[in-house]
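Participant: You'll find target_15.cif just under this line, and it carries mmCIF, N, CA, C and O atoms.
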```cif
data_structure
#
loop_
_atom_site.label_atom_id
_atom_site.label_comp_id
_atom_site.auth_asym_id
_atom_site.auth_seq_id
_atom_site.Cartn_x
_atom_site.Cartn_y
_atom_site.Cartn_z
N MET Q 145 -15.23 -5.22 -7.82
CA MET Q 145 -15.21 -4.18 -6.80
C MET Q 145 -14.95 -4.83 -5.44
O MET Q 145 -15.62 -5.79 -5.07
N TRP Q 146 -14.00 -4.31 -4.71
CA TRP Q 146 -13.68 -4.81 -3.37
C TRP Q 146 -14.69 -4.26 -2.37
O TRP Q 146 -15.12 -3.12 -2.49
N PRO Q 147 -15.03 -5.06 -1.36
CA PRO Q 147 -15.92 -4.51 -0.31
C PRO Q 147 -15.20 -3.40 0.45
O PRO Q 147 -13.99 -3.45 0.64
N GLN Q 148 -15.94 -2.42 0.86
CA GLN Q 148 -15.37 -1.29 1.59
C GLN Q 148 -15.30 -1.62 3.08
O GLN Q 148 -16.34 -1.80 3.71
N PRO Q 149 -14.10 -1.70 3.63
CA PRO Q 149 -13.99 -1.96 5.08
C PRO Q 149 -14.39 -0.72 5.87
O PRO Q 149 -14.24 0.41 5.38
N PRO Q 150 -14.89 -0.91 7.08
CA PRO Q 150 -15.18 0.26 7.91
C PRO Q 150 -13.86 0.91 8.35
O PRO Q 150 -12.89 0.23 8.61
N TRP Q 151 -13.83 2.21 8.39
CA TRP Q 151 -12.64 2.92 8.83
C TRP Q 151 -13.06 4.24 9.43
O TRP Q 151 -14.18 4.67 9.28
N GLN Q 152 -12.11 4.86 10.11
CA GLN Q 152 -12.35 6.14 10.74
C GLN Q 152 -11.20 7.08 10.41
O GLN Q 152 -10.06 6.66 10.34
N ALA Q 153 -11.53 8.32 10.25
CA ALA Q 153 -10.52 9.36 10.09
C ALA Q 153 -10.55 10.20 11.36
O ALA Q 153 -11.61 10.60 11.82
N ARG Q 154 -9.41 10.44 11.94
CA ARG Q 154 -9.31 11.26 13.15
C ARG Q 154 -8.23 12.31 12.94
O ARG Q 154 -7.14 12.00 12.48
N ASN Q 155 -8.54 13.52 13.31
CA ASN Q 155 -7.56 14.60 13.28
C ASN Q 155 -6.73 14.48 14.56
O ASN Q 155 -7.17 14.89 15.63
N GLN Q 156 -5.54 13.91 14.45
CA GLN Q 156 -4.71 13.67 15.62
C GLN Q 156 -4.25 14.95 16.30
O GLN Q 156 -3.94 14.96 17.47
N ALA Q 157 -4.26 16.06 15.56
CA ALA Q 157 -3.86 17.33 16.16
C ALA Q 157 -4.90 17.84 17.14
O ALA Q 157 -4.61 18.70 17.96
N ALA Q 158 -6.14 17.32 17.09
CA ALA Q 158 -7.21 17.81 17.95
C ALA Q 158 -7.63 16.82 19.04
O ALA Q 158 -8.50 17.13 19.85
N VAL Q 159 -7.05 15.66 19.09
CA VAL Q 159 -7.48 14.62 20.04
C VAL Q 159 -7.45 15.13 21.48
O VAL Q 159 -8.36 14.85 22.26
N HIS Q 160 -6.45 15.90 21.83
CA HIS Q 160 -6.34 16.39 23.21
C HIS Q 160 -7.53 17.26 23.62
O HIS Q 160 -7.81 17.40 24.80
N THR Q 161 -8.28 17.80 22.64
CA THR Q 161 -9.41 18.67 22.96
C THR Q 161 -10.66 17.90 23.36
O THR Q 161 -11.55 18.47 23.98
N TRP Q 162 -10.75 16.62 23.00
CA TRP Q 162 -11.96 15.85 23.30
C TRP Q 162 -11.71 14.52 24.00
O TRP Q 162 -12.64 13.88 24.47
N TYR Q 163 -10.47 14.08 24.11
CA TYR Q 163 -10.19 12.74 24.62
C TYR Q 163 -10.76 12.51 26.02
O TYR Q 163 -11.46 11.51 26.26
N ALA Q 164 -10.47 13.37 26.97
CA ALA Q 164 -10.93 13.16 28.36
C ALA Q 164 -12.45 13.16 28.45
O ALA Q 164 -13.04 12.36 29.18
N ALA Q 165 -13.12 14.03 27.71
CA ALA Q 165 -14.58 14.07 27.75
C ALA Q 165 -15.19 12.81 27.16
O ALA Q 165 -16.24 12.34 27.60
N THR Q 166 -14.53 12.22 26.19
CA THR Q 166 -15.05 11.02 25.53
C THR Q 166 -14.72 9.75 26.31
O THR Q 166 -15.56 8.88 26.48
N PHE Q 167 -13.47 9.64 26.80
CA PHE Q 167 -13.01 8.41 27.42
C PHE Q 167 -12.81 8.50 28.92
O PHE Q 167 -12.51 7.50 29.57
N GLY Q 168 -12.91 9.69 29.48
CA GLY Q 168 -12.70 9.86 30.91
C GLY Q 168 -11.23 10.02 31.25
O GLY Q 168 -10.36 9.96 30.40
N GLY Q 169 -10.98 10.24 32.52
CA GLY Q 169 -9.61 10.41 32.98
C GLY Q 169 -9.13 11.83 32.81
O GLY Q 169 -9.89 12.75 32.51
N ASP Q 170 -7.85 12.00 33.01
CA ASP Q 170 -7.23 13.32 32.92
C ASP Q 170 -7.08 13.75 31.47
O ASP Q 170 -6.95 12.91 30.57
N PRO Q 171 -7.06 15.06 31.23
CA PRO Q 171 -6.78 15.54 29.88
C PRO Q 171 -5.41 15.05 29.42
O PRO Q 171 -4.52 14.79 30.25
N ILE Q 172 -5.24 14.91 28.14
CA ILE Q 172 -3.95 14.50 27.59
C ILE Q 172 -3.30 15.69 26.91
O ILE Q 172 -3.96 16.64 26.51
N GLU Q 173 -1.99 15.63 26.81
CA GLU Q 173 -1.24 16.68 26.15
C GLU Q 173 -1.40 16.55 24.63
O GLU Q 173 -1.60 15.44 24.12
N PRO Q 174 -1.28 17.66 23.91
CA PRO Q 174 -1.31 17.57 22.44
C PRO Q 174 -0.15 16.69 21.96
O PRO Q 174 0.94 16.70 22.54
N TYR Q 175 -0.40 15.93 20.93
CA TYR Q 175 0.65 15.09 20.36
C TYR Q 175 1.60 15.94 19.54
O TYR Q 175 1.20 16.92 18.91
N ARG Q 176 2.86 15.55 19.52
CA ARG Q 176 3.87 16.28 18.76
C ARG Q 176 3.97 15.80 17.32
O ARG Q 176 4.55 16.47 16.47
N SER Q 177 3.42 14.59 17.06
CA SER Q 177 3.49 14.03 15.71
C SER Q 177 2.41 12.97 15.56
O SER Q 177 1.86 12.48 16.55
N VAL Q 178 2.15 12.61 14.33
CA VAL Q 178 1.21 11.52 14.06
C VAL Q 178 1.75 10.23 14.65
O VAL Q 178 1.01 9.45 15.25
N ALA Q 179 3.03 9.99 14.52
CA ALA Q 179 3.62 8.76 15.05
C ALA Q 179 3.41 8.66 16.57
O ALA Q 179 3.11 7.58 17.09
N GLU Q 180 3.56 9.77 17.27
CA GLU Q 180 3.34 9.76 18.72
C GLU Q 180 1.88 9.43 19.03
O GLU Q 180 1.58 8.67 19.95
N ALA Q 181 0.96 9.98 18.26
CA ALA Q 181 -0.47 9.71 18.47
C ALA Q 181 -0.80 8.25 18.17
O ALA Q 181 -1.44 7.56 18.97
N VAL Q 182 -0.35 7.77 17.03
CA VAL Q 182 -0.64 6.39 16.62
C VAL Q 182 -0.08 5.40 17.64
O VAL Q 182 -0.70 4.36 17.90
N ALA Q 183 1.04 5.72 18.25
CA ALA Q 183 1.66 4.82 19.23
C ALA Q 183 0.81 4.65 20.48
O ALA Q 183 1.09 3.76 21.29
N THR Q 184 -0.25 5.45 20.66
CA THR Q 184 -1.11 5.32 21.84
C THR Q 184 -2.40 4.55 21.53
O THR Q 184 -3.21 4.34 22.43
N TRP Q 185 -2.61 4.14 20.30
CA TRP Q 185 -3.86 3.46 19.95
C TRP Q 185 -3.96 2.14 20.70
O TRP Q 185 -2.95 1.54 21.05
N PRO Q 186 -5.16 1.66 20.99
CA PRO Q 186 -5.38 0.64 22.02
C PRO Q 186 -4.85 -0.77 21.76
O PRO Q 186 -4.64 -1.51 22.71
N GLU Q 187 -4.66 -1.16 20.52
CA GLU Q 187 -4.06 -2.45 20.23
C GLU Q 187 -2.91 -2.23 19.25
O GLU Q 187 -2.96 -1.33 18.42
N TYR Q 188 -1.89 -3.08 19.35
CA TYR Q 188 -0.75 -2.91 18.44
C TYR Q 188 -1.17 -3.05 16.98
O TYR Q 188 -0.66 -2.32 16.12
N ALA Q 189 -2.10 -3.94 16.68
CA ALA Q 189 -2.53 -4.13 15.29
C ALA Q 189 -3.27 -2.92 14.75
O ALA Q 189 -3.29 -2.70 13.53
N THR Q 190 -3.87 -2.12 15.63
CA THR Q 190 -4.59 -0.93 15.16
C THR Q 190 -3.71 0.32 15.15
O THR Q 190 -4.13 1.36 14.65
N ALA Q 191 -2.52 0.21 15.68
CA ALA Q 191 -1.61 1.36 15.75
C ALA Q 191 -0.90 1.53 14.41
O ALA Q 191 0.32 1.43 14.29
N VAL Q 192 -1.72 1.77 13.39
CA VAL Q 192 -1.22 1.91 12.02
C VAL Q 192 -2.00 3.04 11.35
O VAL Q 192 -3.22 3.08 11.44
N ALA Q 193 -1.29 3.92 10.70
CA ALA Q 193 -1.93 4.99 9.93
C ALA Q 193 -1.30 5.00 8.54
O ALA Q 193 -0.13 4.66 8.37
N VAL Q 194 -2.10 5.37 7.56
CA VAL Q 194 -1.64 5.43 6.18
C VAL Q 194 -2.03 6.78 5.61
O VAL Q 194 -3.13 7.27 5.88
N ARG Q 195 -1.13 7.37 4.86
CA ARG Q 195 -1.44 8.63 4.19
C ARG Q 195 -0.87 8.59 2.79
O ARG Q 195 0.00 7.78 2.47
N LEU Q 196 -1.37 9.47 1.96
CA LEU Q 196 -0.89 9.62 0.60
C LEU Q 196 0.06 10.82 0.58
O LEU Q 196 -0.31 11.90 1.02
N ASP Q 197 1.28 10.60 0.09
CA ASP Q 197 2.21 11.73 0.05
C ASP Q 197 1.98 12.56 -1.21
O ASP Q 197 1.09 12.27 -2.02
N SER Q 198 2.78 13.57 -1.40
CA SER Q 198 2.59 14.51 -2.51
C SER Q 198 2.82 13.86 -3.88
O SER Q 198 2.38 14.38 -4.90
N ALA Q 199 3.49 12.71 -3.89
CA ALA Q 199 3.73 11.98 -5.15
C ALA Q 199 2.73 10.82 -5.31
O ALA Q 199 2.96 9.91 -6.10
N ASP Q 200 1.63 10.86 -4.54
CA ASP Q 200 0.59 9.83 -4.58
C ASP Q 200 1.11 8.44 -4.19
O ASP Q 200 0.61 7.43 -4.67
N ARG Q 201 2.09 8.41 -3.30
CA ARG Q 201 2.58 7.14 -2.75
C ARG Q 201 2.02 6.96 -1.36
O ARG Q 201 1.89 7.94 -0.61
N LEU Q 202 1.70 5.73 -1.00
CA LEU Q 202 1.24 5.45 0.36
C LEU Q 202 2.41 5.48 1.32
O LEU Q 202 3.46 4.89 1.06
N LYS Q 203 2.21 6.15 2.44
CA LYS Q 203 3.20 6.19 3.52
C LYS Q 203 2.54 5.56 4.74
O LYS Q 203 1.47 5.98 5.15
N VAL Q 204 3.20 4.57 5.31
CA VAL Q 204 2.67 3.84 6.45
C VAL Q 204 3.40 4.29 7.71
O VAL Q 204 4.63 4.34 7.74
N CYS Q 205 2.63 4.58 8.74
CA CYS Q 205 3.17 4.89 10.07
C CYS Q 205 2.73 3.76 10.98
O CYS Q 205 1.54 3.60 11.24
N ALA Q 206 3.66 2.94 11.41
CA ALA Q 206 3.36 1.79 12.27
C ALA Q 206 4.43 1.71 13.35
O ALA Q 206 5.41 0.97 13.20
N PRO Q 207 4.28 2.46 14.45
CA PRO Q 207 5.32 2.52 15.47
C PRO Q 207 5.71 1.17 16.06
O PRO Q 207 6.83 1.00 16.52
N TYR Q 208 4.80 0.20 16.05
CA TYR Q 208 5.09 -1.13 16.58
C TYR Q 208 5.27 -2.16 15.48
O TYR Q 208 5.30 -3.36 15.74
N GLY Q 209 5.35 -1.70 14.25
CA GLY Q 209 5.48 -2.60 13.12
C GLY Q 209 4.13 -3.13 12.66
O GLY Q 209 3.08 -2.72 13.16
N LEU Q 210 4.17 -4.03 11.71
CA LEU Q 210 2.95 -4.58 11.11
C LEU Q 210 2.73 -6.05 11.45
O LEU Q 210 1.78 -6.65 10.96
N THR Q 211 3.59 -6.62 12.26
CA THR Q 211 3.52 -8.05 12.54
C THR Q 211 2.16 -8.46 13.12
O THR Q 211 1.55 -9.43 12.64
N ASP Q 212 1.66 -7.76 14.13
CA ASP Q 212 0.37 -8.13 14.72
C ASP Q 212 -0.76 -7.96 13.70
O ASP Q 212 -1.64 -8.82 13.58
N LEU Q 213 -0.76 -6.87 12.97
CA LEU Q 213 -1.81 -6.63 11.99
C LEU Q 213 -1.83 -7.73 10.94
O LEU Q 213 -2.86 -8.34 10.67
N LEU Q 214 -0.68 -7.99 10.35
CA LEU Q 214 -0.62 -8.98 9.27
C LEU Q 214 -0.74 -10.41 9.79
O LEU Q 214 -1.17 -11.29 9.04
N GLY Q 215 -0.41 -10.62 11.05
CA GLY Q 215 -0.52 -11.96 11.64
C GLY Q 215 -1.85 -12.23 12.32
O GLY Q 215 -2.07 -13.31 12.85
N GLY Q 216 -2.73 -11.23 12.33
CA GLY Q 216 -4.04 -11.43 12.95
C GLY Q 216 -3.97 -11.59 14.46
O GLY Q 216 -4.62 -12.46 15.03
N VAL Q 217 -3.20 -10.72 15.11
CA VAL Q 217 -3.03 -10.80 16.57
C VAL Q 217 -3.67 -9.58 17.22
O VAL Q 217 -3.38 -8.45 16.83
N TRP Q 218 -4.54 -9.83 18.20
CA TRP Q 218 -5.17 -8.77 19.00
C TRP Q 218 -4.41 -8.71 20.31
O TRP Q 218 -4.50 -9.61 21.14
N ARG Q 219 -3.61 -7.66 20.48
CA ARG Q 219 -2.75 -7.53 21.67
C ARG Q 219 -2.88 -6.11 22.22
O ARG Q 219 -2.80 -5.13 21.49
N HIS Q 220 -3.06 -6.03 23.52
CA HIS Q 220 -3.21 -4.76 24.23
C HIS Q 220 -1.96 -3.91 24.10
O HIS Q 220 -0.84 -4.38 24.26
N ASN Q 221 -2.17 -2.63 23.82
CA ASN Q 221 -1.10 -1.64 23.84
C ASN Q 221 -1.28 -0.83 25.12
O ASN Q 221 -2.25 -0.07 25.24
N PRO Q 222 -0.40 -0.94 26.09
CA PRO Q 222 -0.58 -0.25 27.38
C PRO Q 222 -0.26 1.24 27.36
O PRO Q 222 -0.37 1.90 28.39
N ALA Q 223 0.08 1.80 26.22
CA ALA Q 223 0.49 3.21 26.17
C ALA Q 223 -0.58 4.16 26.70
O ALA Q 223 -0.26 5.16 27.34
N ARG Q 224 -1.86 3.91 26.44
CA ARG Q 224 -2.91 4.81 26.89
C ARG Q 224 -4.05 4.06 27.59
O ARG Q 224 -4.67 4.57 28.50
N VAL Q 225 -4.35 2.84 27.16
CA VAL Q 225 -5.47 2.08 27.71
C VAL Q 225 -4.94 1.09 28.76
O VAL Q 225 -4.04 0.31 28.46
N ASP Q 226 -5.52 1.15 29.96
CA ASP Q 226 -5.08 0.23 31.01
C ASP Q 226 -5.67 -1.17 30.77
O ASP Q 226 -6.46 -1.39 29.85
N VAL Q 227 -5.28 -2.12 31.61
CA VAL Q 227 -5.72 -3.51 31.45
C VAL Q 227 -7.24 -3.61 31.54
O VAL Q 227 -7.88 -4.31 30.74
N ALA Q 228 -7.86 -2.91 32.49
CA ALA Q 228 -9.32 -2.97 32.63
C ALA Q 228 -9.99 -2.43 31.36
O ALA Q 228 -10.96 -3.04 30.87
N GLY Q 229 -9.51 -1.34 30.84
CA GLY Q 229 -10.06 -0.78 29.61
C GLY Q 229 -9.87 -1.71 28.43
O GLY Q 229 -10.74 -1.84 27.57
N SER Q 230 -8.73 -2.38 28.39
CA SER Q 230 -8.47 -3.34 27.32
C SER Q 230 -9.42 -4.52 27.41
O SER Q 230 -9.95 -4.99 26.40
N ARG Q 231 -9.67 -4.99 28.63
CA ARG Q 231 -10.62 -6.10 28.80
C ARG Q 231 -12.03 -5.68 28.38
O ARG Q 231 -12.76 -6.47 27.79
N GLN Q 232 -12.40 -4.44 28.66
CA GLN Q 232 -13.71 -3.94 28.22
C GLN Q 232 -13.79 -3.90 26.69
O GLN Q 232 -14.80 -4.29 26.10
N ARG Q 233 -12.72 -3.44 26.07
CA ARG Q 233 -12.69 -3.41 24.60
C ARG Q 233 -12.78 -4.82 24.03
O ARG Q 233 -13.50 -5.06 23.06
N LEU Q 234 -12.08 -5.74 24.65
CA LEU Q 234 -12.09 -7.13 24.20
C LEU Q 234 -13.51 -7.71 24.30
O LEU Q 234 -13.99 -8.36 23.37
N ALA Q 235 -14.20 -7.45 25.40
CA ALA Q 235 -15.58 -7.94 25.58
C ALA Q 235 -16.53 -7.27 24.58
O ALA Q 235 -17.43 -7.92 24.04
N ARG Q 236 -16.32 -6.00 24.32
CA ARG Q 236 -17.20 -5.26 23.40
C ARG Q 236 -16.99 -5.68 21.95
O ARG Q 236 -17.93 -5.88 21.20
N HIS Q 237 -15.74 -5.82 21.54
CA HIS Q 237 -15.43 -6.10 20.14
C HIS Q 237 -15.43 -7.59 19.79
O HIS Q 237 -15.57 -7.93 18.62
N ARG Q 238 -15.21 -8.45 20.79
CA ARG Q 238 -15.20 -9.90 20.60
C ARG Q 238 -14.44 -10.32 19.33
O ARG Q 238 -15.00 -10.94 18.42
N PRO Q 239 -13.18 -9.99 19.22
CA PRO Q 239 -12.45 -10.23 17.97
C PRO Q 239 -12.39 -11.70 17.56
O PRO Q 239 -12.47 -12.00 16.37
N ALA Q 240 -12.26 -12.62 18.51
CA ALA Q 240 -12.16 -14.04 18.15
C ALA Q 240 -13.46 -14.55 17.53
O ALA Q 240 -13.43 -15.43 16.67
N GLN Q 241 -14.59 -13.99 17.96
CA GLN Q 241 -15.87 -14.39 17.38
C GLN Q 241 -16.11 -13.70 16.04
O GLN Q 241 -16.68 -14.29 15.12
N ARG Q 242 -15.69 -12.47 15.92
CA ARG Q 242 -15.91 -11.71 14.69
C ARG Q 242 -15.00 -12.15 13.56
O ARG Q 242 -15.39 -12.14 12.40
N TRP Q 243 -13.76 -12.50 13.92
CA TRP Q 243 -12.77 -12.84 12.91
C TRP Q 243 -12.12 -14.17 13.26
O TRP Q 243 -11.08 -14.21 13.94
N PRO Q 244 -12.71 -15.27 12.82
CA PRO Q 244 -12.10 -16.58 13.10
C PRO Q 244 -10.64 -16.59 12.64
O PRO Q 244 -10.30 -16.05 11.59
N GLY Q 245 -9.81 -17.16 13.44
CA GLY Q 245 -8.38 -17.20 13.11
C GLY Q 245 -7.57 -16.12 13.80
O GLY Q 245 -6.35 -16.18 13.80
N VAL Q 246 -8.24 -15.12 14.40
CA VAL Q 246 -7.51 -14.08 15.12
C VAL Q 246 -6.97 -14.68 16.42
O VAL Q 246 -7.67 -15.41 17.11
N THR Q 247 -5.75 -14.38 16.72
CA THR Q 247 -5.15 -14.79 17.99
C THR Q 247 -5.32 -13.65 18.98
O THR Q 247 -4.83 -12.55 18.73
N VAL Q 248 -6.02 -13.92 20.07
CA VAL Q 248 -6.22 -12.92 21.10
C VAL Q 248 -5.23 -13.19 22.24
O VAL Q 248 -5.21 -14.28 22.79
N ILE Q 249 -4.44 -12.20 22.56
CA ILE Q 249 -3.53 -12.28 23.70
C ILE Q 249 -4.20 -11.48 24.81
O ILE Q 249 -4.35 -10.26 24.71
N GLU Q 250 -4.62 -12.18 25.83
CA GLU Q 250 -5.34 -11.55 26.94
C GLU Q 250 -4.48 -10.48 27.60
O GLU Q 250 -3.29 -10.70 27.85
N PRO Q 251 -5.07 -9.32 27.89
CA PRO Q 251 -4.30 -8.28 28.58
C PRO Q 251 -3.99 -8.71 30.01
O PRO Q 251 -4.76 -9.43 30.63
N GLY Q 252 -2.89 -8.30 30.48
CA GLY Q 252 -2.54 -8.67 31.84
C GLY Q 252 -1.20 -8.25 32.17
O GLY Q 252 -0.57 -7.76 32.84
#
```
I'd like the structure from this file rewritten - as structure tokens, please.
Facilitator:
Amino acid sequence: MWPQPPWQARNQAAVHTWYAATFGGDPIEPYRSVAEAVATWPEYATAVAVRLDSADRLKVCAPYGLTDLLGGVWRHNPARVDVAGSRQRLARHRPAQRWPGVTVIEPG
């Protein structure tokens, strides 16, 4: 049995209803697609979504590709999170300490 990694499910069609209250700032517009929503996730390695299609095949949505994810790179995605927010996430998550071998590219 494989260990179960932590994960989250988010209804991307509803993010605009709670985003500003949760993260602050101005309200955001509803996303037009899952790909548009995923492209705003805070790091390129996390900007990946997977779904099961009607034929039980996995479909991957990775607007920035999979290179950072598969290469173990933590890199700021400026689409929604500014540099200060990215630095806060970096301090909170401490990826280099949690996952030895991860390459952290400092936001800037």
Participant: Do you have the atom O of Q:Arg219-atom N of Q:Ala153 distance handy?
Facilitator: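 Calculated distance between atom O of Q:Arg219 and atom N of Q:Ala153 is 19.6 Å.
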Participant: Excluding same-chain residues fewer than 3 positions from stretch 188-190 of chain Q, what lies within 8 Å of it counting only N, CA, C and O atoms, as a list in words?
Facilitator: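 Selected residues are Val182, Ala183, Thr184, Trp185, Ala193, Cys205, Ala206, Pro207, Tyr208, Gly209, Leu210, Thr211, Asp212, Leu213, Leu214, Gly216, Val217, Trp218, Arg219, His220, Asn221 and Pro222 of chain Q.
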Participant: Residues at most 6 Å from Q:Tyr175, counting all atoms listed in the file, excluding those fewer than 3 positions away in the same chain, as a CSV table (one decimal) with N, CA, C and O atoms, in the frame of the given file?
Facilitator:
```csv
chain,number,residue,atom,x,y,z
Q,156,GLN,N,-5.5,13.9,14.4
Q,156,GLN,CA,-4.7,13.7,15.6
Q,156,GLN,C,-4.2,15.0,16.3
Q,156,GLN,O,-3.9,15.0,17.5
Q,157,ALA,N,-4.3,16.1,15.6
Q,157,ALA,CA,-3.9,17.3,16.2
Q,157,ALA,C,-4.9,17.8,17.1
Q,157,ALA,O,-4.6,18.7,18.0
Q,180,GLU,N,3.6,9.8,17.3
Q,180,GLU,CA,3.3,9.8,18.7
Q,180,GLU,C,1.9,9.4,19.0
Q,180,GLU,O,1.6,8.7,20.0
Q,181,ALA,N,1.0,10.0,18.3
Q,181,ALA,CA,-0.5,9.7,18.5
Q,181,ALA,C,-0.8,8.2,18.2
Q,181,ALA,O,-1.4,7.6,19.0
```
Participant: In chain Q, what's helix (DSSP H, G or I) per DSSP? Answer as a VMD selection string?
Facilitator: chain Q and resid 159 to 167 178 to 182 188 to 190 211 to 215 227 to 237 239 to 242
Participant: Between atom CA of Q:Ala228 and atom CA of Q:Pro251, what is the distance in Å, rounded to a tenth?
Facilitator: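 According to the coordinates, atom CA of Q:Ala228 and atom CA of Q:Pro251 are separated by 8.4 Å.
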Participant: Atom O of Q:Val192 and atom O of Q:Gln152, how far apart in Å?
Facilitator: 7.8 Å
Participant: Looking at only N, CA, C and O atoms, which of Q:Pro186, Q:Ala165, Q:Lys203, Q:Val246 is the one that sits closest to Q:Ser230?
Facilitator: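 Residue with the minimum atom-to-atom distance to Q:Ser230: Q:Pro186.
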Participant: Near Q:Thr161, within 8 Å and counting all atoms listed in the file, which residues show up once chain neighbours fewer than 5 positions away are dropped, as a PDB file with N, CA, C and O atoms, keeping the file's coordinate frame?
Facilitator:
```pdb
ATOM      1  N   ASN Q 155      -8.540  13.520  13.310  1.00  0.00           N
ATOM      2  CA  ASN Q 155      -7.560  14.600  13.280  1.00  0.00           C
ATOM      3  C   ASN Q 155      -6.730  14.480  14.560  1.00  0.00           C
ATOM      4  O   ASN Q 155      -7.170  14.890  15.630  1.00  0.00           O
ATOM      5  N   GLN Q 156      -5.540  13.910  14.450  1.00  0.00           N
ATOM      6  CA  GLN Q 156      -4.710  13.670  15.620  1.00  0.00           C
ATOM      7  C   GLN Q 156      -4.250  14.950  16.300  1.00  0.00           C
ATOM      8  O   GLN Q 156      -3.940  14.960  17.470  1.00  0.00           O
ATOM      9  N   THR Q 166     -14.530  12.220  26.190  1.00  0.00           N
ATOM     10  CA  THR Q 166     -15.050  11.020  25.530  1.00  0.00           C
ATOM     11  C   THR Q 166     -14.720   9.750  26.310  1.00  0.00           C
ATOM     12  O   THR Q 166     -15.560   8.880  26.480  1.00  0.00           O
ATOM     13  N   PRO Q 171      -7.060  15.060  31.230  1.00  0.00           N
ATOM     14  CA  PRO Q 171      -6.780  15.540  29.880  1.00  0.00           C
ATOM     15  C   PRO Q 171      -5.410  15.050  29.420  1.00  0.00           C
ATOM     16  O   PRO Q 171      -4.520  14.790  30.250  1.00  0.00           O
ATOM     17  N   ILE Q 172      -5.240  14.910  28.140  1.00  0.00           N
ATOM     18  CA  ILE Q 172      -3.950  14.500  27.590  1.00  0.00           C
ATOM     19  C   ILE Q 172      -3.300  15.690  26.910  1.00  0.00           C
ATOM     20  O   ILE Q 172      -3.960  16.640  26.510  1.00  0.00           O
ATOM     21  N   GLU Q 173      -1.990  15.630  26.810  1.00  0.00           N
ATOM     22  CA  GLU Q 173      -1.240  16.680  26.150  1.00  0.00           C
ATOM     23  C   GLU Q 173      -1.400  16.550  24.630  1.00  0.00           C
ATOM     24  O   GLU Q 173      -1.600  15.440  24.120  1.00  0.00           O
ATOM     25  N   PRO Q 174      -1.280  17.660  23.910  1.00  0.00           N
ATOM     26  CA  PRO Q 174      -1.310  17.570  22.440  1.00  0.00           C
ATOM     27  C   PRO Q 174      -0.150  16.690  21.960  1.00  0.00           C
ATOM     28  O   PRO Q 174       0.940  16.700  22.540  1.00  0.00           O
TER      29      PRO Q 174
END
```
Participant: Just checking: using only C-alpha atoms, which residue out of Q:Gly169, Q:Glu187, Q:Ala199, Q:Asp226 ends up closest to Q:Val248?
Facilitator: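 Using only C-alpha atoms, the shortest distance to Q:Val248 belongs to Q:Glu187.
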Participant: Report the residues of chain Q whose backbone DSSP state falls under strand (DSSP E or B), written as a list of chain:residue names.
Facilitator: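 Filtering chain Q to strand (DSSP E or B) leaves Q:Glu187, Q:Ala193, Q:Val194, Q:Arg195, Q:Leu196, Q:Leu202, Q:Lys203, Q:Val204, Q:Cys205, Q:Val217, Q:Trp218, Q:Arg219, Q:His220, Q:Thr247, Q:Val248, Q:Ile249.
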Participant: Write a file for stretch 149-161 of chain Q, containing N, CA and C atoms (output as a PDB file, in the first residue's frame).
Facilitator:
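selection.pdb written:
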```
ATOM      1  N   PRO Q 149      -0.614  10.760   0.034  1.00  0.00           N
ATOM      2  CA  PRO Q 149      -0.120  12.137   0.152  1.00  0.00           C
ATOM      3  C   PRO Q 149      -1.257  13.085   0.511  1.00  0.00           C
ATOM      4  N   PRO Q 150      -0.939  14.182   1.193  1.00  0.00           N
ATOM      5  CA  PRO Q 150      -1.993  15.166   1.458  1.00  0.00           C
ATOM      6  C   PRO Q 150      -2.390  15.855   0.148  1.00  0.00           C
ATOM      7  N   TRP Q 151      -3.647  16.126  -0.021  1.00  0.00           N
ATOM      8  CA  TRP Q 151      -4.114  16.814  -1.211  1.00  0.00           C
ATOM      9  C   TRP Q 151      -5.371  17.583  -0.865  1.00  0.00           C
ATOM     10  N   GLN Q 152      -5.745  18.463  -1.777  1.00  0.00           N
ATOM     11  CA  GLN Q 152      -6.930  19.276  -1.594  1.00  0.00           C
ATOM     12  C   GLN Q 152      -7.751  19.249  -2.874  1.00  0.00           C
ATOM     13  N   ALA Q 153      -9.031  19.270  -2.708  1.00  0.00           N
ATOM     14  CA  ALA Q 153      -9.940  19.419  -3.840  1.00  0.00           C
ATOM     15  C   ALA Q 153     -10.567  20.804  -3.731  1.00  0.00           C
ATOM     16  N   ARG Q 154     -10.561  21.541  -4.803  1.00  0.00           N
ATOM     17  CA  ARG Q 154     -11.153  22.876  -4.830  1.00  0.00           C
ATOM     18  C   ARG Q 154     -12.070  22.977  -6.037  1.00  0.00           C
ATOM     19  N   ASN Q 155     -13.243  23.520  -5.814  1.00  0.00           N
ATOM     20  CA  ASN Q 155     -14.171  23.790  -6.895  1.00  0.00           C
ATOM     21  C   ASN Q 155     -13.738  25.114  -7.529  1.00  0.00           C
ATOM     22  N   GLN Q 156     -13.052  25.043  -8.654  1.00  0.00           N
ATOM     23  CA  GLN Q 156     -12.513  26.239  -9.287  1.00  0.00           C
ATOM     24  C   GLN Q 156     -13.602  27.176  -9.795  1.00  0.00           C
ATOM     25  N   ALA Q 157     -14.805  26.645 -10.005  1.00  0.00           N
ATOM     26  CA  ALA Q 157     -15.906  27.500 -10.455  1.00  0.00           C
ATOM     27  C   ALA Q 157     -16.383  28.432  -9.351  1.00  0.00           C
ATOM     28  N   ALA Q 158     -16.041  28.146  -8.087  1.00  0.00           N
ATOM     29  CA  ALA Q 158     -16.524  28.958  -6.967  1.00  0.00           C
ATOM     30  C   ALA Q 158     -15.437  29.797  -6.302  1.00  0.00           C
ATOM     31  N   VAL Q 159     -14.213  29.712  -6.741  1.00  0.00           N
ATOM     32  CA  VAL Q 159     -13.106  30.415  -6.076  1.00  0.00           C
ATOM     33  C   VAL Q 159     -13.374  31.911  -5.961  1.00  0.00           C
ATOM     34  N   HIS Q 160     -13.938  32.505  -6.990  1.00  0.00           N
ATOM     35  CA  HIS Q 160     -14.179  33.951  -6.959  1.00  0.00           C
ATOM     36  C   HIS Q 160     -15.120  34.364  -5.830  1.00  0.00           C
ATOM     37  N   THR Q 161     -15.909  33.419  -5.287  1.00  0.00           N
ATOM     38  CA  THR Q 161     -16.856  33.759  -4.221  1.00  0.00           C
ATOM     39  C   THR Q 161     -16.200  33.868  -2.853  1.00  0.00           C
TER      40      THR Q 161
END
```
